[in-house]
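**Q** As input, take run.txt (compact mmCIF, N, CA and C atoms):
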```
# COMPACT_ATOMS: atom_id res chain seq x y z
N MET A 1317 -0.15 249.10 108.31
CA MET A 1317 0.65 249.75 109.33
C MET A 1317 0.00 249.52 110.69
N PRO A 1318 0.35 248.46 111.36
CA PRO A 1318 -0.25 248.19 112.67
C PRO A 1318 0.22 249.21 113.71
N LEU A 1319 -0.69 249.61 114.55
CA LEU A 1319 -0.38 250.59 115.60
C LEU A 1319 0.00 249.87 116.89
N ASP A 1320 0.94 250.44 117.62
CA ASP A 1320 1.32 249.86 118.90
C ASP A 1320 0.58 250.58 120.04
N HIS A 1321 0.76 250.06 121.24
CA HIS A 1321 0.03 250.60 122.40
C HIS A 1321 0.36 252.07 122.65
N SER A 1322 1.62 252.45 122.53
CA SER A 1322 1.98 253.83 122.84
C SER A 1322 1.34 254.80 121.84
N THR A 1323 1.23 254.39 120.57
CA THR A 1323 0.59 255.25 119.57
C THR A 1323 -0.89 255.39 119.86
N VAL A 1324 -1.54 254.28 120.19
CA VAL A 1324 -2.98 254.32 120.50
C VAL A 1324 -3.21 255.16 121.76
N ARG A 1325 -2.33 255.03 122.74
CA ARG A 1325 -2.46 255.81 123.97
C ARG A 1325 -2.31 257.31 123.65
N THR A 1326 -1.37 257.65 122.77
CA THR A 1326 -1.16 259.05 122.37
C THR A 1326 -2.38 259.58 121.63
N ILE A 1327 -2.93 258.79 120.72
CA ILE A 1327 -4.14 259.20 119.97
C ILE A 1327 -5.29 259.43 120.94
N ALA A 1328 -5.46 258.53 121.89
CA ALA A 1328 -6.54 258.68 122.87
C ALA A 1328 -6.34 259.94 123.72
N GLN A 1329 -5.10 260.21 124.09
CA GLN A 1329 -4.82 261.41 124.89
C GLN A 1329 -5.11 262.66 124.08
N LEU A 1330 -4.71 262.69 122.81
CA LEU A 1330 -4.98 263.86 121.96
C LEU A 1330 -6.47 264.07 121.75
N ALA A 1331 -7.23 262.96 121.69
CA ALA A 1331 -8.68 263.04 121.51
C ALA A 1331 -9.41 263.23 122.83
N ARG A 1332 -8.66 263.32 123.92
CA ARG A 1332 -9.23 263.49 125.26
C ARG A 1332 -10.20 262.35 125.59
N ILE A 1333 -9.77 261.11 125.24
CA ILE A 1333 -10.57 259.92 125.52
C ILE A 1333 -9.80 259.05 126.49
N ARG A 1334 -10.43 258.67 127.57
CA ARG A 1334 -9.78 257.78 128.54
C ARG A 1334 -10.02 256.34 128.08
N VAL A 1335 -8.93 255.63 127.79
CA VAL A 1335 -9.01 254.24 127.34
C VAL A 1335 -8.31 253.37 128.37
N PRO A 1336 -9.05 252.42 128.96
CA PRO A 1336 -8.41 251.50 129.92
C PRO A 1336 -7.32 250.68 129.23
N GLU A 1337 -6.32 250.28 129.98
CA GLU A 1337 -5.16 249.54 129.45
C GLU A 1337 -5.60 248.24 128.77
N GLU A 1338 -6.61 247.58 129.31
CA GLU A 1338 -7.04 246.30 128.73
C GLU A 1338 -7.77 246.46 127.40
N GLU A 1339 -8.19 247.67 127.04
CA GLU A 1339 -8.87 247.89 125.77
C GLU A 1339 -7.93 248.37 124.66
N LEU A 1340 -6.66 248.59 124.98
CA LEU A 1340 -5.72 249.10 123.99
C LEU A 1340 -5.49 248.12 122.84
N ASP A 1341 -5.45 246.80 123.14
CA ASP A 1341 -5.24 245.81 122.08
C ASP A 1341 -6.36 245.86 121.05
N GLY A 1342 -7.60 245.84 121.51
CA GLY A 1342 -8.75 245.87 120.58
C GLY A 1342 -8.81 247.17 119.80
N LEU A 1343 -8.55 248.27 120.47
CA LEU A 1343 -8.59 249.56 119.81
C LEU A 1343 -7.47 249.69 118.79
N ALA A 1344 -6.30 249.17 119.10
CA ALA A 1344 -5.19 249.19 118.15
C ALA A 1344 -5.54 248.41 116.90
N GLY A 1345 -6.20 247.27 117.06
CA GLY A 1345 -6.62 246.46 115.92
C GLY A 1345 -7.64 247.19 115.06
N GLU A 1346 -8.62 247.83 115.70
CA GLU A 1346 -9.65 248.56 114.96
C GLU A 1346 -9.06 249.75 114.21
N LEU A 1347 -8.20 250.51 114.89
CA LEU A 1347 -7.58 251.67 114.23
C LEU A 1347 -6.67 251.23 113.08
N SER A 1348 -5.96 250.14 113.26
CA SER A 1348 -5.10 249.62 112.19
C SER A 1348 -5.94 249.21 110.98
N ALA A 1349 -7.11 248.59 111.22
CA ALA A 1349 -7.99 248.20 110.12
C ALA A 1349 -8.52 249.42 109.39
N ILE A 1350 -8.84 250.47 110.12
CA ILE A 1350 -9.32 251.70 109.50
C ILE A 1350 -8.23 252.32 108.64
N LEU A 1351 -7.01 252.37 109.15
CA LEU A 1351 -5.90 252.93 108.38
C LEU A 1351 -5.60 252.09 107.14
N ALA A 1352 -5.74 250.77 107.24
CA ALA A 1352 -5.53 249.91 106.07
C ALA A 1352 -6.60 250.19 105.02
N TRP A 1353 -7.83 250.42 105.44
CA TRP A 1353 -8.90 250.72 104.50
C TRP A 1353 -8.66 252.06 103.81
N VAL A 1354 -8.17 253.05 104.55
CA VAL A 1354 -7.86 254.35 103.96
C VAL A 1354 -6.73 254.20 102.94
N GLU A 1355 -5.74 253.40 103.25
CA GLU A 1355 -4.65 253.15 102.30
C GLU A 1355 -5.19 252.49 101.04
N GLU A 1356 -6.15 251.59 101.20
CA GLU A 1356 -6.77 250.93 100.04
C GLU A 1356 -7.52 251.94 99.19
N LEU A 1357 -8.17 252.90 99.82
CA LEU A 1357 -8.89 253.94 99.08
C LEU A 1357 -7.95 254.84 98.29
N ARG A 1358 -6.73 255.03 98.80
CA ARG A 1358 -5.76 255.87 98.09
C ARG A 1358 -5.37 255.28 96.74
N GLU A 1359 -5.53 253.97 96.59
CA GLU A 1359 -5.14 253.31 95.34
C GLU A 1359 -6.17 253.53 94.23
N VAL A 1360 -7.35 254.01 94.55
CA VAL A 1360 -8.40 254.21 93.55
C VAL A 1360 -8.06 255.44 92.71
N ASP A 1361 -8.15 255.30 91.39
CA ASP A 1361 -7.87 256.41 90.48
C ASP A 1361 -9.09 257.32 90.40
N THR A 1362 -8.95 258.55 90.88
CA THR A 1362 -10.07 259.51 90.88
C THR A 1362 -9.76 260.73 90.03
N GLU A 1363 -8.78 260.64 89.16
CA GLU A 1363 -8.40 261.77 88.32
C GLU A 1363 -9.53 262.26 87.44
N ALA A 1364 -10.34 261.36 86.88
CA ALA A 1364 -11.39 261.74 85.94
C ALA A 1364 -12.72 262.02 86.64
N VAL A 1365 -12.74 261.98 87.96
CA VAL A 1365 -13.98 262.19 88.71
C VAL A 1365 -14.04 263.64 89.18
N ALA A 1366 -15.11 264.32 88.81
CA ALA A 1366 -15.28 265.72 89.21
C ALA A 1366 -15.68 265.79 90.69
N PRO A 1367 -15.19 266.79 91.41
CA PRO A 1367 -15.59 266.95 92.81
C PRO A 1367 -17.09 267.22 92.90
N MET A 1368 -17.72 266.70 93.95
CA MET A 1368 -19.15 266.92 94.12
C MET A 1368 -19.48 266.99 95.60
N THR A 1369 -20.61 267.60 95.90
CA THR A 1369 -21.04 267.72 97.28
C THR A 1369 -22.20 266.81 97.61
N SER A 1370 -22.79 266.19 96.59
CA SER A 1370 -23.95 265.32 96.80
C SER A 1370 -23.96 264.24 95.74
N GLY A 1371 -24.64 263.17 96.00
CA GLY A 1371 -24.75 262.08 95.04
C GLY A 1371 -25.77 262.37 93.96
N THR A 1372 -26.60 263.37 94.17
CA THR A 1372 -27.60 263.72 93.16
C THR A 1372 -27.38 265.16 92.70
N ASP A 1373 -27.81 265.45 91.49
CA ASP A 1373 -27.68 266.80 90.95
C ASP A 1373 -28.74 267.68 91.60
N MET A 1374 -28.30 268.68 92.32
CA MET A 1374 -29.23 269.55 93.04
C MET A 1374 -28.90 271.00 92.77
N SER A 1375 -29.91 271.84 92.83
CA SER A 1375 -29.68 273.28 92.75
C SER A 1375 -30.53 273.97 93.81
N LEU A 1376 -30.03 275.04 94.32
CA LEU A 1376 -30.74 275.76 95.36
C LEU A 1376 -31.82 276.64 94.74
N SER A 1377 -32.96 276.70 95.41
CA SER A 1377 -33.97 277.65 94.97
C SER A 1377 -33.60 279.01 95.54
N LEU A 1378 -33.58 280.01 94.70
CA LEU A 1378 -33.15 281.34 95.12
C LEU A 1378 -34.35 282.25 95.34
N ARG A 1379 -34.19 283.17 96.22
CA ARG A 1379 -35.22 284.18 96.46
C ARG A 1379 -34.55 285.54 96.42
N GLU A 1380 -35.34 286.55 96.20
CA GLU A 1380 -34.80 287.89 96.19
C GLU A 1380 -34.38 288.28 97.60
N ASP A 1381 -33.22 288.86 97.73
CA ASP A 1381 -32.70 289.27 99.03
C ASP A 1381 -33.22 290.66 99.35
N VAL A 1382 -34.21 290.72 100.24
CA VAL A 1382 -34.84 291.97 100.60
C VAL A 1382 -34.66 292.19 102.10
N VAL A 1383 -34.20 293.37 102.46
CA VAL A 1383 -34.01 293.71 103.87
C VAL A 1383 -35.33 294.25 104.41
N THR A 1384 -35.80 293.66 105.50
CA THR A 1384 -37.03 294.13 106.15
C THR A 1384 -36.79 294.20 107.65
N ASP A 1385 -37.73 294.79 108.36
CA ASP A 1385 -37.61 294.84 109.81
C ASP A 1385 -38.22 293.60 110.45
N GLY A 1386 -38.72 292.68 109.66
CA GLY A 1386 -39.31 291.46 110.18
C GLY A 1386 -40.81 291.57 110.40
N GLY A 1387 -41.27 292.74 110.70
CA GLY A 1387 -42.71 292.97 110.85
C GLY A 1387 -43.35 292.23 112.02
N ALA A 1388 -42.58 291.80 112.98
CA ALA A 1388 -43.16 291.04 114.09
C ALA A 1388 -42.68 291.58 115.44
N ARG A 1389 -42.46 292.88 115.51
CA ARG A 1389 -41.94 293.46 116.74
C ARG A 1389 -42.86 293.18 117.92
N ASP A 1390 -44.15 293.39 117.74
CA ASP A 1390 -45.09 293.19 118.85
C ASP A 1390 -45.14 291.73 119.30
N ALA A 1391 -45.05 290.81 118.35
CA ALA A 1391 -45.06 289.38 118.69
C ALA A 1391 -43.79 288.99 119.45
N VAL A 1392 -42.66 289.56 119.04
CA VAL A 1392 -41.40 289.27 119.72
C VAL A 1392 -41.42 289.87 121.12
N LEU A 1393 -41.85 291.12 121.23
CA LEU A 1393 -41.87 291.77 122.53
C LEU A 1393 -42.89 291.15 123.48
N ALA A 1394 -43.87 290.42 122.95
CA ALA A 1394 -44.84 289.75 123.81
C ALA A 1394 -44.17 288.67 124.65
N ASN A 1395 -43.01 288.16 124.21
CA ASN A 1395 -42.29 287.13 124.95
C ASN A 1395 -41.35 287.73 126.00
N ALA A 1396 -41.14 289.03 125.95
CA ALA A 1396 -40.21 289.67 126.88
C ALA A 1396 -40.85 289.82 128.25
N PRO A 1397 -40.06 289.66 129.31
CA PRO A 1397 -40.61 289.88 130.64
C PRO A 1397 -41.04 291.33 130.86
N GLU A 1398 -40.29 292.26 130.19
CA GLU A 1398 -40.64 293.68 130.32
C GLU A 1398 -40.18 294.40 129.05
N ALA A 1399 -41.02 295.29 128.54
CA ALA A 1399 -40.67 296.09 127.36
C ALA A 1399 -40.99 297.55 127.65
N VAL A 1400 -40.11 298.44 127.12
CA VAL A 1400 -40.29 299.88 127.30
C VAL A 1400 -40.11 300.54 125.95
N ASP A 1401 -41.13 301.28 125.50
CA ASP A 1401 -41.08 302.02 124.24
C ASP A 1401 -40.68 301.15 123.05
N GLY A 1402 -41.16 299.89 123.02
CA GLY A 1402 -40.88 299.01 121.89
C GLY A 1402 -39.53 298.32 121.94
N PHE A 1403 -38.87 298.33 123.09
CA PHE A 1403 -37.56 297.68 123.25
C PHE A 1403 -37.60 296.75 124.45
N PHE A 1404 -36.70 295.76 124.46
CA PHE A 1404 -36.56 294.90 125.64
C PHE A 1404 -36.02 295.73 126.78
N ALA A 1405 -36.59 295.55 127.96
CA ALA A 1405 -36.08 296.23 129.16
C ALA A 1405 -35.31 295.20 129.98
N VAL A 1406 -34.06 295.54 130.27
CA VAL A 1406 -33.21 294.62 131.03
C VAL A 1406 -32.64 295.36 132.23
N PRO A 1407 -32.28 294.63 133.28
CA PRO A 1407 -31.70 295.30 134.44
C PRO A 1407 -30.32 295.86 134.12
N LYS A 1408 -29.96 296.93 134.76
CA LYS A 1408 -28.66 297.54 134.59
C LYS A 1408 -27.59 296.58 135.14
N VAL A 1409 -26.53 296.33 134.34
CA VAL A 1409 -25.50 295.40 134.78
C VAL A 1409 -24.18 296.09 135.05
N VAL A 1410 -24.02 297.35 134.64
CA VAL A 1410 -22.80 298.09 134.85
C VAL A 1410 -23.09 299.15 135.92
N GLU A 1411 -22.21 299.23 136.89
CA GLU A 1411 -22.45 300.20 137.97
C GLU A 1411 -21.52 301.35 137.86
```
Would you write the structure of this file as structure tokens?

**A**
Amino acid sequence: MPLDHSTVRTIAQLARIRVPEEELDGLAGELSAILAWVEELREVDTEAVAPMTSGTDMSLSLREDVVTDGGARDAVLANAPEAVDGFFAVPKVVE
């Protein structure tokens, strides 16, 4: 399915890409080749193939989900320009 200039121009506009008029021919050829390759992929029978997220069999290492306060309040507040009573001090923004 070869693409014409108006289709390529519309695709570029939707993608917010400025394409000079002299580059439309080359871009149309490249996009047409990509679409032909996708059509070729559609012909592959994948009915017996299970969906997967990776090429290798992987499992996540799990840890116990424990809620903590982080234990680093003083280290975090050391980066603050100003702290008051263990909290970040910020200038008042609402009048």

**Q** List every residue of chain A that DSSP, applied to the backbone of this structure, assigns to strand (DSSP E), and report them as a PDB file with N, CA and C atoms, in the frame of the given file.

**A**
```pdb
ATOM      1  N   ALA A1399     -41.020 295.290 128.540  1.00  0.00           N
ATOM      2  CA  ALA A1399     -40.670 296.090 127.360  1.00  0.00           C
ATOM      3  C   ALA A1399     -40.990 297.550 127.650  1.00  0.00           C
ATOM      4  N   VAL A1400     -40.110 298.440 127.120  1.00  0.00           N
ATOM      5  CA  VAL A1400     -40.290 299.880 127.300  1.00  0.00           C
ATOM      6  C   VAL A1400     -40.110 300.540 125.950  1.00  0.00           C
ATOM      7  N   PHE A1403     -38.870 298.330 123.090  1.00  0.00           N
ATOM      8  CA  PHE A1403     -37.560 297.680 123.250  1.00  0.00           C
ATOM      9  C   PHE A1403     -37.600 296.750 124.450  1.00  0.00           C
ATOM     10  N   PHE A1404     -36.700 295.760 124.460  1.00  0.00           N
ATOM     11  CA  PHE A1404     -36.560 294.900 125.640  1.00  0.00           C
ATOM     12  C   PHE A1404     -36.020 295.730 126.780  1.00  0.00           C
TER      13      PHE A1404
END
```

**Q** Using DSSP assignments from the backbone, pull out every residue in chain A that falls under alpha helix (DSSP H) and give it to me as a ChimeraX atom specification.

**A** /A:1321-1330,1340-1358,1389-1393

**Q** Atom N of Pro1318 of chain A and atom N of Ala1349 of chain A, how far apart in Å?

**A**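 Going from atom N of Ala1349 of chain A over to atom N of Pro1318 of chain A covers 7.5 Å.
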
**Q** Give the answer as one residue: which of A:Val1365, A:Thr1372, A:Pro1336, A:Arg1389 has the shortest atom-to-atom distance to Gly1402 of chain A, using all atoms listed in the file?

**A**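 Selected residue with least distance to Gly1402 of chain A: A:Arg1389.
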
**Q** Can you work out the spacing between atom C of Asp1320 of chain A and atom CA of Arg1334 of chain A in Å, to one decimal?

**A**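 So the answer is 15.2 Å.
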
**Q** Quick check, in Å to one decimal: how far apart do atom CA of Ala1344 of chain A and atom N of His1321 of chain A lie?

**A**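 About the pair atom CA of Ala1344 of chain A and atom N of His1321 of chain A: they are 6.8 Å apart.
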